[in-house]
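Chemist: My structure is below; once you've seen it, I'll send some questions.
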Amino acid sequence: QVQLMESGGGSVQAGGSLRLSCVASGFIFSRSTRYCMAWFRQVPGTEREGVAHITHGGGSTYYADSVKGRFTISQDNAKNTLYLQMNSLKPEDTAMYYCARGRVYRVTNGCTHLDVWGQGTLVTVSS
């Protein structure tokens with residue numbers, strides 16, 4: 001069974017940093033050339049927003065304009081873990097953050113055809 005488990009959320013003041021982790025089980029990053037990975041976020045009552053995306057081998061990344069220059073997506077194949085390093089956090093970054101696996105990566109809009117989602121981890125940024 002394929003599962004994704006996020007962690008690392010919490011409360012931080014504006015300007016601070018957090019690193020989110022997403023541990024995958026049931027499939028192996030280094031052997032899964034068909035998949036891409038991504039981080040999404042959602043505030044209740046609003047649409048889910050794709051934040052950062054990465055290809056299987058990590059050779060290509062895609063970021064939403066709202067986080068460019070502040071967030072970095074990466075993966076550790078040895079740990080089968082996806083990361084999202086978030087720096088210079090703003091109150092508008094407050095949301096539930098989810099990692100997801102997808103089947104199609106496009107340079108124009110990142111990881112799509114998402115088929116597995118984690119449960120989410122909450123990030124709260126205070127001013």
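We name chains A, B, ... following the order of the structure tokens; residues begin at 1 in each chain, and ligands are numbered from 1 as shown.
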List the spatial neighbours of Met86 (chain A) as a ChimeraX atom specification - criterion: any atom at most 10 Å away, only C-alpha atoms, same-chain residues fewer than 3 positions off excluded.
Modeler: /A:15-20,67,69-73,83,89-90,93
Chemist: Could those residues be written to a file, using C-alpha atoms, as a CSV table (one decimal), in the first residue's frame?
Modeler:
chain,number,residue,atom,x,y,z
A,15,GLY,CA,10.4,35.7,9.0
A,16,GLY,CA,11.1,32.3,10.5
A,17,SER,CA,11.7,29.0,8.9
A,18,LEU,CA,10.3,25.5,8.9
A,19,ARG,CA,11.2,22.3,7.1
A,20,LEU,CA,8.5,19.9,6.2
A,67,VAL,CA,7.0,31.0,-2.8
A,69,GLY,CA,13.1,32.4,-3.7
A,70,ARG,CA,11.8,31.4,-0.2
A,71,PHE,CA,10.9,27.7,-0.5
A,72,THR,CA,13.0,24.8,-1.7
A,73,ILE,CA,11.8,21.3,-2.5
A,83,TYR,CA,11.3,17.9,1.9
A,89,LEU,CA,7.7,32.8,6.2
A,90,LYS,CA,4.8,35.1,5.9
A,93,ASP,CA,1.8,31.0,4.1
Chemist: Once you count only C-alpha atoms, what closest atom pair and distance in Å to one decimal does each residue of region 85-118 of chain A within 8 Å of region 40-46 of chain A have, with rows by chain and rising residue number, as a tab-separated table?
Modeler:
residue	atom	partner	partner_atom	distance
A:Thr94	CA	A:Val43	CA	7.5
A:Ala95	CA	A:Val43	CA	4.9
A:Met96	CA	A:Gln42	CA	5.4
A:Tyr97	CA	A:Arg41	CA	4.3
A:Tyr98	CA	A:Phe40	CA	5.1
A:Cys99	CA	A:Phe40	CA	6.2
A:Ala100	CA	A:Phe40	CA	7.6
Chemist: Tell me, which residues of chain A carry DSSP strand (DSSP E or B), written as a VMD selection string?
Modeler: chain A and resid 3 to 7 10 to 13 18 to 25 36 to 42 49 to 54 61 to 63 71 to 76 81 to 86 95 to 106 110 to 117 121 to 126
Chemist: Residues within 10 Å of Val116 (chain A), please, as a ChimeraX atom specification. Count only C-alpha atoms; anything in the same chain fewer than 5 positions from it doesn't count.
Modeler: /A:2-4,37,99-103
Chemist: Show which residues sit within 7 Å of Val12 (chain A), as a list in words. Count only C-alpha atoms, and ignore same-chain residues fewer than 4 positions away.
Modeler: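 Once the adjacent positions are removed, what remains is Gly16, Thr124, Val125 and Ser126 of chain A.
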Chemist: Would you list the contacts of Met5 (chain A) as an NGL selection string, taking every protein, DNA or RNA residue within 7 Å and counting only C-alpha atoms, but skipping same-chain residues closer than 3 positions in sequence?
Modeler: :A and (22-24 or 118-119)
Chemist: Those same residues, written as a short mmCIF file (atom, residue, chain, number, x, y, z; two decimals), in the first residue's frame with N, CA, C and O atoms?
Modeler:
data_model
loop_
_atom_site.label_atom_id
_atom_site.label_comp_id
_atom_site.auth_asym_id
_atom_site.auth_seq_id
_atom_site.Cartn_x
_atom_site.Cartn_y
_atom_site.Cartn_z
N CYS A 22 8.17 14.51 4.19
CA CYS A 22 7.13 13.60 3.70
C CYS A 22 7.79 12.25 3.44
O CYS A 22 8.58 12.12 2.49
N VAL A 23 7.50 11.30 4.32
CA VAL A 23 8.08 9.96 4.17
C VAL A 23 7.15 9.09 3.34
O VAL A 23 5.96 9.00 3.63
N ALA A 24 7.71 8.48 2.32
CA ALA A 24 6.91 7.61 1.44
C ALA A 24 7.13 6.15 1.79
O ALA A 24 8.24 5.74 2.10
N GLY A 118 -0.88 12.70 1.17
CA GLY A 118 -0.69 12.51 2.59
C GLY A 118 -1.84 13.14 3.37
O GLY A 118 -2.76 13.71 2.78
N GLN A 119 -1.77 13.04 4.70
CA GLN A 119 -2.82 13.57 5.56
C GLN A 119 -2.67 15.06 5.84
O GLN A 119 -3.61 15.71 6.28
#
